Amino acid sequence: MRLGIRLQLLFALGALLLLAFVPLFFAVASLTRATMSGARASSARAIGRAIAGHVAAARATRSAPELSLLLEAQLGPDGASAIGVYDAAGALSVRAGEPEVAAALPASVEAGTEVLKTVRTARGGAILVVVPEPAREAAPLAEPAREAAPLAEPPREAAPLAEPAPAASTGSVAVLVPTDPSTVPAAPLVRIVALYTGIVALALLVFAYISMTHLVVRPIDAVSEAARRVAGGARDLDVPRAGARELAELGASLALMTSRLRADEESLRAKIAEVERYAADLKSAQERLVRSERLASVGRLAAGLAHEIGNPIAAILGLQDLLLAGGLTPAEERDFVERMKRETERIHKILRDLLDFARPAARGAAEAGADGQEGHHPSGSVAEAIDDVVSLVAPQKTFRAIELVRDVAPDVPPVPLLHGQLVQLLLNLLLNAADAAPRLGGRVAVRASRGTSGGARIEVEDNGPGIAEAVRETLFEPFITTKEVGEGTGLGLAVCRGLVEAAGGTIGVERGAEGGARFVVLLPGAADRHG
């Protein structure tokens, strides 16, 4: 599941806040702890000096038990944790505090020297403050006795007063003031900083969520919904004008694009309708062309068959005259009747073949629906079509002086053309070959075999003069013919190409083995075409 733009931006903003606030929080926390520790150390020095001065002042006026009570009174969690009193020689004489903490007091100190340093105790860090007691004043010196001297004696110079003796130091006081971080109240302040940072970050995320919802997400959802309505069939893209300027411009651009696409769609529909109309007209023209060429072929066949039909009719008429004249035996009459029947059947067969060729559409429809199934694809046998065409043209006067060779391989597959279409294709090629072959020694060959890539390969070859190079490239175009004026319409080969290409095949011409023309038709197999 993909996240929306709102959640993605929120996650990105949250990551940015983490990168910004987490280091800031640790920096503030560290600075707070350092500041509090420094303040605590300064406070510890001041407390240590004050306690040491107070104990030193009380030491001169109080006894040892009272001094011990005073030392215990100075101890506390916010004050000193241990106090030591040292004599004039610097040796520890009295101490107060928990034993494990007081053990950090030095056993001796240097008399008259103030010490301030950091030490470690059993309870953590502490500051050791050693303050020497102020020196007590010495007894005043007695004035030197002056001997009575005779008045006559002159006065002597007064001897200089002796320097006062330095005051003797009475000792030092050492105070341990704890500075352990646990005693520094920095944690509440750090928690307040963390709470403030979290609230600010959460407020920023909520504000960003609400802002993106109103300024970005809702306008984008509106545009998306409008696009879905257009996809469902709406004519116009109705987008809201609210939101940021960029989103409003995006909606306007999409609306303009939709209107242009609708206009292009209408124009395309009109062009498609026009193309379909032209295609229908072209198909109709092609069908008329095929019918015209078929009728032309029928005319040529009729002209050729007139002689074949005329001879049997003349024989029938002669036999009828003999029968009408009478004087024949019953056996002779029966023989004449049987001859008339054979000639009549011959005429009937010729006319039936001609009608079958002239009406291939009806025959193809019957073949296509022979199995009673809809969607049946056309299929025809090349061998059967060649047999029908050969039997159709063999009686023609044109083919009587021409050697007609038939060579059909047994493995030629069916092709996607109806039987009538195959007959028309082969008939056009054979009639053209017969017209091109010489009257004496003419030869026409029709061959069929399996193609190299499947399907069927049909060849119709003659030993005539061949096709001139000038017309070879345009030979299959309409109204192109190599015959004399009035002998051909120039549509036969164009119709052949249309039939072959409609079935997915190709037709071409090449030079034959005997110098004539060889027309090669390549058709796919019916199973390959429709499979």
# chains A, B, ... in the order shown; residues from 1 in each chain; ligands from 1
>>> residues_around(residues="Ser379 in chain A", least_positions_apart="4", cutoff="9 Å", atoms="only C-alpha atoms", output="list in words")
Glu367, Ala368, Pro414, Val415, Pro416, Leu417, Leu418, His419, Gly525, Ala526 and Ala527 of chain A
>>> residues_around(residues="Leu322 in chain A", least_positions_apart="5", cutoff="12 Å", atoms="only C-alpha atoms", output="PyMOL selection string")
chain A and resi 315-317+327-329+332-333+335-337+340
>>> residues_around(residues="Asp238 in chain A", least_positions_apart="6", cutoff="12 Å", atoms="only C-alpha atoms", output="list in words")
Pro219, Ala222, Val223, Ser224, Glu225, Ala226, Ala227, Arg228, Arg229, Val230, Ala248, Gly251, Ala252, Ser253, Leu254, Ala255, Leu256, Thr258 and Ser259 of chain A
>>> closest_residue(among="A:Arg497, A:Arg260, A:Lys397, A:Arg6", to="Ile210 in chain A", atoms="only C-alpha atoms")
A:Arg6
>>> closest_residue(among="A:Ala111, A:Leu247, A:Val175, A:Val131", to="His214 in chain A", atoms="only C-alpha atoms")
A:Leu247
>>> atom_distance(atom1="CA of Thr213 in chain A", atom2="CA of Leu195 in chain A")
26.8 Å
>>> closest_residue(among="A:Ala325, A:Ala279, A:Ala434, A:Ile309", to="Arg346 in chain A", atoms="only C-alpha atoms")
A:Ile309
>>> closest_residue(among="A:Arg245, A:Arg33, A:Lys283, A:Arg262", to="Ala187 in chain A", atoms="only C-alpha atoms")
A:Arg33
>>> residues_around(residues="Gly508 in chain A", least_positions_apart="2", cutoff="12 Å", atoms="only C-alpha atoms", output="JSON, numbers by chain")
{"A": [429, 457, 458, 459, 460, 461, 467, 472, 473, 474, 475, 476, 493, 494, 496, 497, 500, 501, 505, 506, 510, 511, 517, 518, 519, 520, 521, 522, 523]}
>>> write_last_selection(atoms="N, CA, C and O atoms", output="compact mmCIF listing (two decimals), in the first residue's frame")
# COMPACT_ATOMS: atom_id res chain seq x y z
N LEU A 429 -5.56 -17.18 -64.14
CA LEU A 429 -4.16 -17.44 -64.46
C LEU A 429 -4.02 -18.39 -65.65
O LEU A 429 -3.16 -18.21 -66.52
N ARG A 457 1.91 -23.57 -52.24
CA ARG A 457 2.61 -22.85 -53.30
C ARG A 457 2.00 -23.31 -54.63
O ARG A 457 2.05 -24.50 -54.97
N ILE A 458 1.43 -22.36 -55.35
CA ILE A 458 0.77 -22.66 -56.63
C ILE A 458 1.54 -21.94 -57.73
O ILE A 458 1.83 -20.74 -57.61
N GLU A 459 1.87 -22.68 -58.79
CA GLU A 459 2.58 -22.11 -59.93
C GLU A 459 1.78 -22.36 -61.21
O GLU A 459 1.28 -23.46 -61.42
N VAL A 460 1.66 -21.31 -62.03
CA VAL A 460 1.05 -21.42 -63.37
C VAL A 460 2.07 -20.88 -64.36
O VAL A 460 2.40 -19.69 -64.31
N GLU A 461 2.59 -21.77 -65.22
CA GLU A 461 3.71 -21.40 -66.10
C GLU A 461 3.35 -21.70 -67.55
O GLU A 461 2.68 -22.70 -67.85
N ILE A 467 6.92 -11.78 -69.68
CA ILE A 467 6.43 -10.44 -69.32
C ILE A 467 7.53 -9.42 -69.55
O ILE A 467 8.67 -9.60 -69.09
N ARG A 472 6.29 -5.17 -65.69
CA ARG A 472 6.35 -6.18 -64.62
C ARG A 472 6.02 -5.57 -63.25
O ARG A 472 5.33 -6.19 -62.44
N GLU A 473 6.49 -4.33 -62.99
CA GLU A 473 6.24 -3.73 -61.68
C GLU A 473 4.78 -3.33 -61.49
O GLU A 473 4.31 -3.25 -60.37
N THR A 474 4.09 -3.04 -62.60
CA THR A 474 2.70 -2.59 -62.50
C THR A 474 1.72 -3.61 -63.04
O THR A 474 0.56 -3.28 -63.32
N LEU A 475 2.16 -4.86 -63.17
CA LEU A 475 1.34 -5.87 -63.83
C LEU A 475 0.06 -6.16 -63.05
O LEU A 475 -0.98 -6.45 -63.66
N PHE A 476 0.08 -6.05 -61.71
CA PHE A 476 -1.07 -6.42 -60.90
C PHE A 476 -1.96 -5.23 -60.56
O PHE A 476 -2.86 -5.36 -59.73
N LEU A 493 -5.69 -9.86 -63.27
CA LEU A 493 -4.60 -10.03 -62.31
C LEU A 493 -4.82 -9.16 -61.08
O LEU A 493 -4.39 -9.53 -59.97
N ALA A 494 -5.45 -7.98 -61.23
CA ALA A 494 -5.75 -7.15 -60.05
C ALA A 494 -6.72 -7.87 -59.13
O ALA A 494 -6.57 -7.85 -57.90
N CYS A 496 -7.02 -11.13 -58.96
CA CYS A 496 -6.25 -12.23 -58.37
C CYS A 496 -5.43 -11.74 -57.18
O CYS A 496 -5.38 -12.39 -56.13
N ARG A 497 -4.79 -10.59 -57.31
CA ARG A 497 -4.00 -10.06 -56.19
C ARG A 497 -4.90 -9.74 -55.00
O ARG A 497 -4.54 -9.99 -53.84
N VAL A 500 -5.78 -12.99 -53.23
CA VAL A 500 -4.63 -13.59 -52.53
C VAL A 500 -4.26 -12.79 -51.29
O VAL A 500 -4.03 -13.35 -50.20
N GLU A 501 -4.19 -11.46 -51.41
CA GLU A 501 -3.80 -10.64 -50.27
C GLU A 501 -4.87 -10.66 -49.19
O GLU A 501 -4.55 -10.55 -48.00
N GLY A 505 -1.89 -13.98 -48.35
CA GLY A 505 -0.83 -14.54 -49.19
C GLY A 505 -0.20 -13.50 -50.08
O GLY A 505 -0.45 -12.29 -49.97
N THR A 506 0.64 -13.95 -51.00
CA THR A 506 1.33 -13.08 -51.96
C THR A 506 1.25 -13.72 -53.35
O THR A 506 1.15 -14.94 -53.48
N GLU A 510 7.65 -14.35 -62.29
CA GLU A 510 9.08 -14.51 -62.54
C GLU A 510 9.26 -15.18 -63.90
O GLU A 510 8.29 -15.61 -64.54
N ARG A 511 10.48 -15.25 -64.35
CA ARG A 511 10.77 -15.84 -65.65
C ARG A 511 10.72 -17.37 -65.54
O ARG A 511 11.28 -17.96 -64.62
N ALA A 517 6.36 -16.87 -68.77
CA ALA A 517 6.03 -16.28 -67.48
C ALA A 517 5.60 -17.37 -66.51
O ALA A 517 4.92 -18.33 -66.88
N ARG A 518 6.01 -17.20 -65.27
CA ARG A 518 5.62 -18.14 -64.22
C ARG A 518 5.00 -17.31 -63.08
O ARG A 518 5.69 -16.51 -62.44
N PHE A 519 3.72 -17.49 -62.85
CA PHE A 519 3.03 -16.81 -61.75
C PHE A 519 3.07 -17.72 -60.52
O PHE A 519 2.69 -18.89 -60.60
N VAL A 520 3.54 -17.16 -59.42
CA VAL A 520 3.71 -17.91 -58.18
C VAL A 520 2.77 -17.32 -57.13
O VAL A 520 2.82 -16.12 -56.83
N VAL A 521 1.91 -18.16 -56.58
CA VAL A 521 0.97 -17.76 -55.53
C VAL A 521 1.35 -18.51 -54.25
O VAL A 521 1.43 -19.74 -54.25
N LEU A 522 1.58 -17.76 -53.18
CA LEU A 522 1.88 -18.34 -51.86
C LEU A 522 0.73 -18.03 -50.93
O LEU A 522 0.41 -16.85 -50.66
N LEU A 523 0.09 -19.07 -50.42
CA LEU A 523 -1.06 -18.92 -49.52
C LEU A 523 -0.77 -19.62 -48.20
O LEU A 523 -0.20 -20.72 -48.18
>>> closest_residue(among="A:Pro465, A:Gly53, A:Gly451, A:Gly492", to="Asn428 in chain A", atoms="only C-alpha atoms")
A:Gly492
>>> closest_residue(among="A:Pro395, A:Leu189, A:Val412, A:Ile347", to="Thr452 in chain A", atoms="only C-alpha atoms")
A:Val412
>>> atom_distance(atom1="CA of Ser108 in chain A", atom2="CA of Ala39 in chain A")
28.8 Å
>>> residues_around(residues="Leu204 in chain A", least_positions_apart="5", cutoff="12 Å", atoms="only C-alpha atoms", output="number ranges by chain")
A: 10, 13-14, 16-17, 197-199, 209-212
>>> write_last_selection(atoms="N, CA and C atoms", output="compact mmCIF listing (two decimals), in the first residue's frame")
# COMPACT_ATOMS: atom_id res chain seq x y z
N LEU A 10 4.43 14.38 6.10
CA LEU A 10 4.50 14.36 7.56
C LEU A 10 5.69 13.54 8.05
N LEU A 13 8.74 15.63 7.41
CA LEU A 13 8.86 16.71 8.39
C LEU A 13 9.23 16.17 9.76
N GLY A 14 8.65 15.02 10.15
CA GLY A 14 9.03 14.42 11.42
C GLY A 14 10.49 14.04 11.48
N LEU A 16 12.83 15.50 9.78
CA LEU A 16 13.58 16.76 9.86
C LEU A 16 13.56 17.32 11.27
N LEU A 17 12.39 17.23 11.95
CA LEU A 17 12.33 17.70 13.34
C LEU A 17 13.22 16.86 14.26
N THR A 197 10.17 20.73 23.86
CA THR A 197 10.57 20.34 22.50
C THR A 197 9.54 19.41 21.87
N GLY A 198 9.05 18.42 22.65
CA GLY A 198 8.04 17.51 22.13
C GLY A 198 6.75 18.21 21.77
N ILE A 199 6.31 19.14 22.64
CA ILE A 199 5.07 19.87 22.36
C ILE A 199 5.21 20.72 21.10
N TYR A 209 -0.08 19.05 9.11
CA TYR A 209 -1.12 18.14 8.64
C TYR A 209 -2.37 18.91 8.21
N ILE A 210 -2.79 19.83 9.06
CA ILE A 210 -4.00 20.60 8.75
C ILE A 210 -3.76 21.48 7.52
N SER A 211 -2.60 22.11 7.46
CA SER A 211 -2.29 23.00 6.34
C SER A 211 -2.25 22.22 5.03
N MET A 212 -1.56 21.06 5.03
CA MET A 212 -1.49 20.27 3.81
C MET A 212 -2.85 19.73 3.41
>>> closest_atom_pairs(of="range 174-209 of chain A", to="range 117-129 of chain A", cutoff="8 Å", atoms="only C-alpha atoms", output="tab-separated table")
residue	atom	partner	partner_atom	distance
A:Ala174	CA	A:Val129	CA	5.5
A:Val175	CA	A:Val129	CA	5.2
A:Leu176	CA	A:Leu128	CA	4.8
A:Val177	CA	A:Ile127	CA	5.3
A:Pro178	CA	A:Ala126	CA	4.0
A:Thr179	CA	A:Ala126	CA	4.8
A:Asp180	CA	A:Gly125	CA	4.8
